[in-house]
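Please read the structure below before turning to the comments.
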Amino acid sequence: MKNIRLRFAPSPTGFLHIGSLRTVLFTYAIVKKMEGKFILRIEDTDQKREVEGATEELIKSLEKFNINFDEGPHVGGDFGPYIQTQRLEIYNKHLKDLLAKGEAYHCFCTPERLGKMRADQAANKQAPRYDRACRDLSPEIVEAKIKTGEKFVIRQKMPLDGVVKVFDEIRGEIIYKAQDLDDHVLIKSDGVPTYQFASVVDDHEMEISHVTRAEEWIPSLPKNILLYQSFGWEPPKFIHYPAVLSKNGGKLSKRDGDVAVEDYLNKGYLVEAIINFCILLGWHPKDDNEILSMSEIIEKFDYKDIRPSGSIFDVEKLDYFNGYYIRQKSLDELAELCKPYLEENLAKTSDKKQQTKEYLKNVVRLEQERLKKLSEIGERTEYFFTDKLEYDAKLLVWKKSTPEQTKENFDQVYKVLEKIPDDSWTNNSIGDALMSHIQAVGGKNGDYLWPMRAALTGREASPGPFDVAEVLGKEKSLERIKEGLERLS
RNA sequence: GCCGCUAUCGUCUAAUGGUUAGGACACCAGGUUUUCAUCCUGGUAACCGGGGUCCGAUUCCCCGUAGCGGUACCA
């Protein structure tokens with residue numbers, strides 16, 4: 001039985017894309033479920049597109065999701081190096097083998113010639129494909145051209161007829177006609193291999209048991225399989241993940257919202273929520289229970305259950321998961337997570353009491369069940385930190401009540417609250433005092449509580465008045481009620 | 001153009017050769033001793049189209065259509 005070894009093989013071309021994260025998550029779930037090894041390999045054969053520091057950022061991002069590798073450029077391993085541009089010698093060795101077997105050939109065609117060829121093919125409504133002009137050059141000619149310094153690439157020699165049968169673990173057998181396959185480039189003129197060559201060599205050399213990648217790679221599967229055959233290697237299993245699409249069905253791009261994982265993190269999406277949401281894009285647990293921790297995912301994951309069709313990234317459902325996980329957090333942890341988003345509010349107040357950890361926790365507590373994203377905490381709790389509330393006096397009047405009535409009720413509320421001793425200024429005692437007063441005078445709750453809440457917060461919607469009053473403190477609360485009373489005059 | 005993949009509520013999805021086609025998000029309504037939120041209850045909402053095969057197709061096959069992907073000395 002072959003060892004289970006899977007790899008994540010990104011190109012260091014920028015930030016970690018949310019679609020790539022789904023790829024990692026799927027792969028990670030498979031590896032852990034099968035108790036295999038997880039390898040990070042950096043595919044940097046396109047040096048032009050490489051972004052400085054991208055690999056480090058990527059690893060950092062993944063660490064936030066608790067995705068760790070058994071082997072990789074940052075942790076080492078027995079199958080290194082794990083960066084493709086450091087493996088050139090390995091590719092060279094295998095290339096010689098391939099050339100000797102006659103499975104690949106030198107091509108001296110210039111980019112100009114190829115461009116013209118493709119233009120002609122397009123004009124004639126033909127499929128653009130290399131015309132194989134160099135495929136049957138004699139060894140002598142090839143050698144002579146190399147000697148004169150002519151630039152060349154190495155192309156894979158495709159079969160001229162017949163079919164190539166490939167197997168994808170999710171979709172089953174796919175059959176390609178050999179005539180539809182192009183003699184594509186294996187080694188570029190600068191001697192660096194293309195993805196098609198490097199990935200096959202590496203997956204073999206690194207003893208990868210299951211190649212996992214996005215479905216956009218399906219068309220290159222026949223070429224890859226043929227390469228394995230040319231080398232005389234046994235191919236691994238191939239699992240192509242369905243695409244993650246944008247709201248309008250296209251590729252998930254910046255136009256449709258955030259695509260970088262870090263953007264979601266910065267907006268205050270929780271790691272648990274992102275994982276839970278992403279794993280459900282193309283996969284579903286058998287028992288219909290969609291709330292899943294990473295360990296539950298690993299326990300239940302089976303790549304055979306991955307759906308073949310693409311799925312749309314619907315941020316509304318992510319919001320739901322995020323709200324859910326925010327509600328599950330302990331207050332201490334949530335307050336800690338909210339801290340960065342509260343900085344702006346903290347800067348507004350000079351009141352020392354409002355800058356204590358205790359006050360922050362109380363404020364966060366009142367918003368915990370209302371929060372969809374951590375980043376909302378600042379705006380939602382602004383009134384806890386400002387000295388002067390800005391709002392229209394009309395806000396204070398409840399539904400069909402009148403300003404006169406409201407004023408009268410306000411007066412009563414003030415008097416009741418005033419009598420509560422400082423040391424028993426709590427949610428419960430405030431509530432008890434007010435409710436029994438309202439009952440005694442035979443009033444309606446809303447007639448008293450709405451204006452109180454509005455005066456305390458200056459908002460249409462907020463946590464309840466007793467809660468807010470408790471957190472605000474007696475002095476501040478009375479001050480605001482008095483101010484509300486004045487606004488009505 | 002050529003090649004390939006895909007097709008169940010708006011979205012993520014489940015199941016099935018005979019079912020009232022199930023769940024989740026969103027949405028709507030009601031309830032939870034003030035608003036918002038939470039929570040609870042209920043509701044609206046789907047088998048892409050056409051042919052076959054079959055006693056019977058959402059399910060199997062073919063065709064079409066649509067979406068997506070590939071068609072680079074990018075990955």
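Ordering of the structure tokens sets the chain letters (A, B, ...); residue numbers start at 1 within each chain; ligands are numbered from 1 in the order shown.
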- Message: At a cut-off of 12 Å, using only C-alpha atoms (C1' of nucleotides), what residues contact C62 (chain B)? Leave out same-chain residues fewer than 3 positions from it and give the result as a PyMOL selection string.
- Response: chain B and resi 50-53
Just C-alpha atoms (C1' of nucleotides) for this one: save the residues we selected as a PDB file, in the first residue's frame.
ATOM      1  C1'   G B  50     -36.471  17.712 -26.252  1.00  0.00           C
ATOM      2  C1'   G B  51     -36.248  12.768 -27.506  1.00  0.00           C
ATOM      3  C1'   G B  52     -35.574   7.762 -26.159  1.00  0.00           C
ATOM      4  C1'   U B  53     -35.328   3.045 -22.548  1.00  0.00           C
TER       5        U B  53
END
List the neighbours of G18 (chain B) out to 12 Å using only C-alpha atoms (C1' of nucleotides); skip same-chain residues closer than 5 positions along the sequence, and give me the result as an mmCIF file with N, CA and C atoms (P, O5', C5', C4', C3', O3' and C1' of nucleotides), in the first residue's frame.
data_model
loop_
_atom_site.group_PDB
_atom_site.id
_atom_site.type_symbol
_atom_site.label_atom_id
_atom_site.label_comp_id
_atom_site.auth_asym_id
_atom_site.auth_seq_id
_atom_site.Cartn_x
_atom_site.Cartn_y
_atom_site.Cartn_z
ATOM 1 P P C B 55 -42.100 -2.087 -20.150
ATOM 2 O "O5'" C B 55 -43.152 -1.126 -19.472
ATOM 3 C "C5'" C B 55 -44.483 -1.013 -20.000
ATOM 4 C "C4'" C B 55 -45.340 -0.251 -19.025
ATOM 5 C "C3'" C B 55 -44.737 1.056 -18.533
ATOM 6 O "O3'" C B 55 -44.997 2.110 -19.435
ATOM 7 C "C1'" C B 55 -45.520 -0.183 -16.685
ATOM 8 P P G B 56 -43.846 3.126 -19.824
ATOM 9 O "O5'" G B 56 -43.614 3.872 -18.439
ATOM 10 C "C5'" G B 56 -44.576 4.827 -17.977
ATOM 11 C "C4'" G B 56 -44.247 5.261 -16.573
ATOM 12 C "C3'" G B 56 -42.877 5.882 -16.378
ATOM 13 O "O3'" G B 56 -42.892 7.259 -16.736
ATOM 14 C "C1'" G B 56 -43.237 4.290 -14.685
ATOM 15 P P A B 57 -41.950 7.730 -17.893
ATOM 16 O "O5'" A B 57 -41.819 9.270 -17.510
ATOM 17 C "C5'" A B 57 -40.535 9.814 -17.608
ATOM 18 C "C4'" A B 57 -40.006 10.067 -16.208
ATOM 19 C "C3'" A B 57 -38.767 10.946 -16.311
ATOM 20 O "O3'" A B 57 -39.131 12.339 -16.163
ATOM 21 C "C1'" A B 57 -38.252 8.875 -15.183
ATOM 22 P P U B 59 -34.047 12.196 -15.595
ATOM 23 O "O5'" U B 59 -33.254 11.463 -14.420
ATOM 24 C "C5'" U B 59 -32.061 12.036 -13.881
ATOM 25 C "C4'" U B 59 -31.588 11.190 -12.714
ATOM 26 C "C3'" U B 59 -31.228 9.767 -13.100
ATOM 27 O "O3'" U B 59 -30.006 9.387 -12.493
ATOM 28 C "C1'" U B 59 -32.908 9.764 -11.416
#
- Task: Dump as a ChimeraX atom specification the residues of chain A that approach chain B to within 6 Å, counting only C-alpha atoms (C1' of nucleotides).
- Result: /A:125,127,188,216,219,288,309,317,369-370,445-446,449-450,461-462
With N, CA and C atoms retained, write the just-selected residues as a PDB file, in the first residue's frame.
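Dumped everything to result09.pdb:
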ATOM      1  N   LYS A 125     -10.555  29.107 -39.016  1.00  0.00           N
ATOM      2  CA  LYS A 125     -11.445  28.471 -38.044  1.00  0.00           C
ATOM      3  C   LYS A 125     -10.934  27.097 -37.615  1.00  0.00           C
ATOM      4  N   ALA A 127      -8.518  24.809 -34.896  1.00  0.00           N
ATOM      5  CA  ALA A 127      -8.047  24.874 -33.525  1.00  0.00           C
ATOM      6  C   ALA A 127      -6.585  25.278 -33.530  1.00  0.00           C
ATOM      7  N   LYS A 188      11.009  25.558 -21.323  1.00  0.00           N
ATOM      8  CA  LYS A 188      11.057  26.850 -22.012  1.00  0.00           C
ATOM      9  C   LYS A 188      12.476  27.129 -22.516  1.00  0.00           C
ATOM     10  N   GLU A 216      -9.880  23.448 -13.451  1.00  0.00           N
ATOM     11  CA  GLU A 216      -9.343  24.054 -14.666  1.00  0.00           C
ATOM     12  C   GLU A 216      -8.163  23.251 -15.217  1.00  0.00           C
ATOM     13  N   PRO A 219      -8.230  19.673 -18.508  1.00  0.00           N
ATOM     14  CA  PRO A 219      -7.750  19.528 -19.879  1.00  0.00           C
ATOM     15  C   PRO A 219      -6.282  19.110 -19.991  1.00  0.00           C
ATOM     16  N   ASP A 288     -26.354  15.963   7.198  1.00  0.00           N
ATOM     17  CA  ASP A 288     -27.038  17.247   7.051  1.00  0.00           C
ATOM     18  C   ASP A 288     -26.708  18.281   8.125  1.00  0.00           C
ATOM     19  N   SER A 309     -19.982  19.766  -9.677  1.00  0.00           N
ATOM     20  CA  SER A 309     -20.364  21.066 -10.232  1.00  0.00           C
ATOM     21  C   SER A 309     -19.835  22.228  -9.399  1.00  0.00           C
ATOM     22  N   LYS A 317     -24.287  33.580   3.405  1.00  0.00           N
ATOM     23  CA  LYS A 317     -24.216  32.389   4.248  1.00  0.00           C
ATOM     24  C   LYS A 317     -22.959  32.432   5.125  1.00  0.00           C
ATOM     25  N   GLU A 369     -24.596  38.972  20.433  1.00  0.00           N
ATOM     26  CA  GLU A 369     -25.591  38.249  19.641  1.00  0.00           C
ATOM     27  C   GLU A 369     -26.066  39.020  18.420  1.00  0.00           C
ATOM     28  N   ARG A 370     -25.615  40.260  18.293  1.00  0.00           N
ATOM     29  CA  ARG A 370     -26.035  41.071  17.154  1.00  0.00           C
ATOM     30  C   ARG A 370     -24.989  41.153  16.060  1.00  0.00           C
ATOM     31  N   ASN A 445     -45.327  49.318  28.498  1.00  0.00           N
ATOM     32  CA  ASN A 445     -43.864  49.219  28.536  1.00  0.00           C
ATOM     33  C   ASN A 445     -43.188  50.141  27.533  1.00  0.00           C
ATOM     34  N   GLY A 446     -43.683  50.064  26.310  1.00  0.00           N
ATOM     35  CA  GLY A 446     -43.054  50.825  25.241  1.00  0.00           C
ATOM     36  C   GLY A 446     -43.070  52.325  25.472  1.00  0.00           C
ATOM     37  N   LEU A 449     -40.096  52.556  28.043  1.00  0.00           N
ATOM     38  CA  LEU A 449     -38.801  51.946  27.724  1.00  0.00           C
ATOM     39  C   LEU A 449     -38.210  52.407  26.406  1.00  0.00           C
ATOM     40  N   TRP A 450     -39.083  52.630  25.420  1.00  0.00           N
ATOM     41  CA  TRP A 450     -38.558  53.116  24.136  1.00  0.00           C
ATOM     42  C   TRP A 450     -37.850  54.458  24.303  1.00  0.00           C
ATOM     43  N   ALA A 461     -32.256  51.295  16.808  1.00  0.00           N
ATOM     44  CA  ALA A 461     -32.075  49.913  17.246  1.00  0.00           C
ATOM     45  C   ALA A 461     -30.840  49.801  18.111  1.00  0.00           C
ATOM     46  N   SER A 462     -30.963  49.050  19.155  1.00  0.00           N
ATOM     47  CA  SER A 462     -29.824  48.883  20.057  1.00  0.00           C
ATOM     48  C   SER A 462     -30.160  47.790  21.053  1.00  0.00           C
TER      49      SER A 462
END
- Query: Got a sec: who's within 8 Å of Arg129 (chain A), counting only C-alpha atoms (C1' of nucleotides), leaving out chain neighbours fewer than 6 positions off, as a list in words?
  - Reply: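 Within the cut-off, the hits are Arg118, Gln121, Asp182 and Asp183 of chain A.
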Selection file, C-alpha atoms, as a compact mmCIF listing (two decimals), in the first residue's frame:
# COMPACT_ATOMS: atom_id res chain seq x y z
CA ARG A 118 -1.96 30.60 -34.78
CA GLN A 121 -5.33 28.80 -37.91
CA ASP A 182 -1.11 19.63 -28.62
CA ASP A 183 2.63 19.04 -28.55
- Write out as a PyMOL selection string which residues come within 9 Å of region 323-334 of chain A when counting only C-alpha atoms (C1' of nucleotides), dropping same-chain ones fewer than 6 positions away. chain A and resi 269-270+272-273+361-362+364-365+368-374
Go ahead and write the residues just picked, N, CA and C atoms, as a compact mmCIF listing (two decimals), in the first residue's frame.
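Produced file again14.txt, reproduced below:
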# COMPACT_ATOMS: atom_id res chain seq x y z
N TYR A 269 -14.02 38.36 9.93
CA TYR A 269 -14.59 37.02 9.77
C TYR A 269 -13.72 36.08 10.57
N LEU A 270 -14.35 35.21 11.31
CA LEU A 270 -13.63 34.28 12.15
C LEU A 270 -13.12 33.09 11.34
N GLU A 272 -13.00 30.02 12.13
CA GLU A 272 -13.95 28.89 12.17
C GLU A 272 -15.05 29.06 11.13
N ALA A 273 -15.54 30.30 11.01
CA ALA A 273 -16.64 30.56 10.09
C ALA A 273 -16.19 30.39 8.65
N LYS A 361 -15.35 44.88 27.80
CA LYS A 361 -16.02 43.57 27.83
C LYS A 361 -17.53 43.73 27.93
N ASN A 362 -17.96 44.67 28.76
CA ASN A 362 -19.39 44.89 28.92
C ASN A 362 -20.03 45.37 27.63
N VAL A 364 -18.89 44.83 24.59
CA VAL A 364 -18.87 43.72 23.63
C VAL A 364 -19.98 42.72 23.96
N ARG A 365 -20.17 42.50 25.24
CA ARG A 365 -21.20 41.54 25.67
C ARG A 365 -22.57 41.91 25.11
N GLN A 368 -22.73 40.97 21.35
CA GLN A 368 -22.32 39.63 20.92
C GLN A 368 -23.35 38.94 20.04
N GLU A 369 -24.60 38.97 20.43
CA GLU A 369 -25.59 38.25 19.64
C GLU A 369 -26.07 39.02 18.42
N ARG A 370 -25.61 40.26 18.29
CA ARG A 370 -26.03 41.07 17.15
C ARG A 370 -24.99 41.15 16.06
N LEU A 371 -23.77 40.80 16.39
CA LEU A 371 -22.65 40.98 15.47
C LEU A 371 -22.60 39.93 14.35
N LYS A 372 -22.40 40.43 13.14
CA LYS A 372 -22.17 39.51 12.02
C LYS A 372 -20.68 39.48 11.68
N LYS A 373 -20.05 40.63 11.84
CA LYS A 373 -18.62 40.74 11.59
C LYS A 373 -18.00 41.54 12.74
N LEU A 374 -16.82 41.18 13.11
CA LEU A 374 -16.16 41.90 14.20
C LEU A 374 -16.00 43.38 13.87
- Task: Please provide the set of residues having any atom within 8 Å of Leu485 (chain A), restricted to only C-alpha atoms (C1' of nucleotides), with same-chain residues fewer than 6 positions apart removed, written as an MDAnalysis selection string.
- Result: chainID A and resid 407 410:411
Mind writing the picked residues with C-alpha atoms as a PDB file, in the first residue's frame?
ATOM      1  CA  LYS A 407     -42.081  64.024  28.296  1.00  0.00           C
ATOM      2  CA  PHE A 410     -39.464  60.594  30.860  1.00  0.00           C
ATOM      3  CA  ASP A 411     -39.907  62.557  33.977  1.00  0.00           C
TER       4      ASP A 411
END
- Query: Restricting the calculation to only C-alpha atoms, which member of A:Leu281, A:Pro12, A:Glu390, A:Ile218 is positioned closest to Ile174 (chain A)?
  - Reply: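 Once distances to Ile174 (chain A) are computed over only C-alpha atoms, the minimum belongs to A:Ile218.
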- Item | d(CA of Leu395 (chain A), CA of Glu470 (chain A)) in Å |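 Between CA of Leu395 (chain A) and CA of Glu470 (chain A) the gap works out to 21.5 Å.
DSSP annotation of region 196-431 of chain A from backbone atoms: strand (DSSP E or B) residues are His210, Val211, Thr212, Arg213, Ala214, Lys237, Phe238, Ile239, His240, Tyr241, Val244, Leu245, Lys251, Ala260, Ser311 and Ile312 of chain A.
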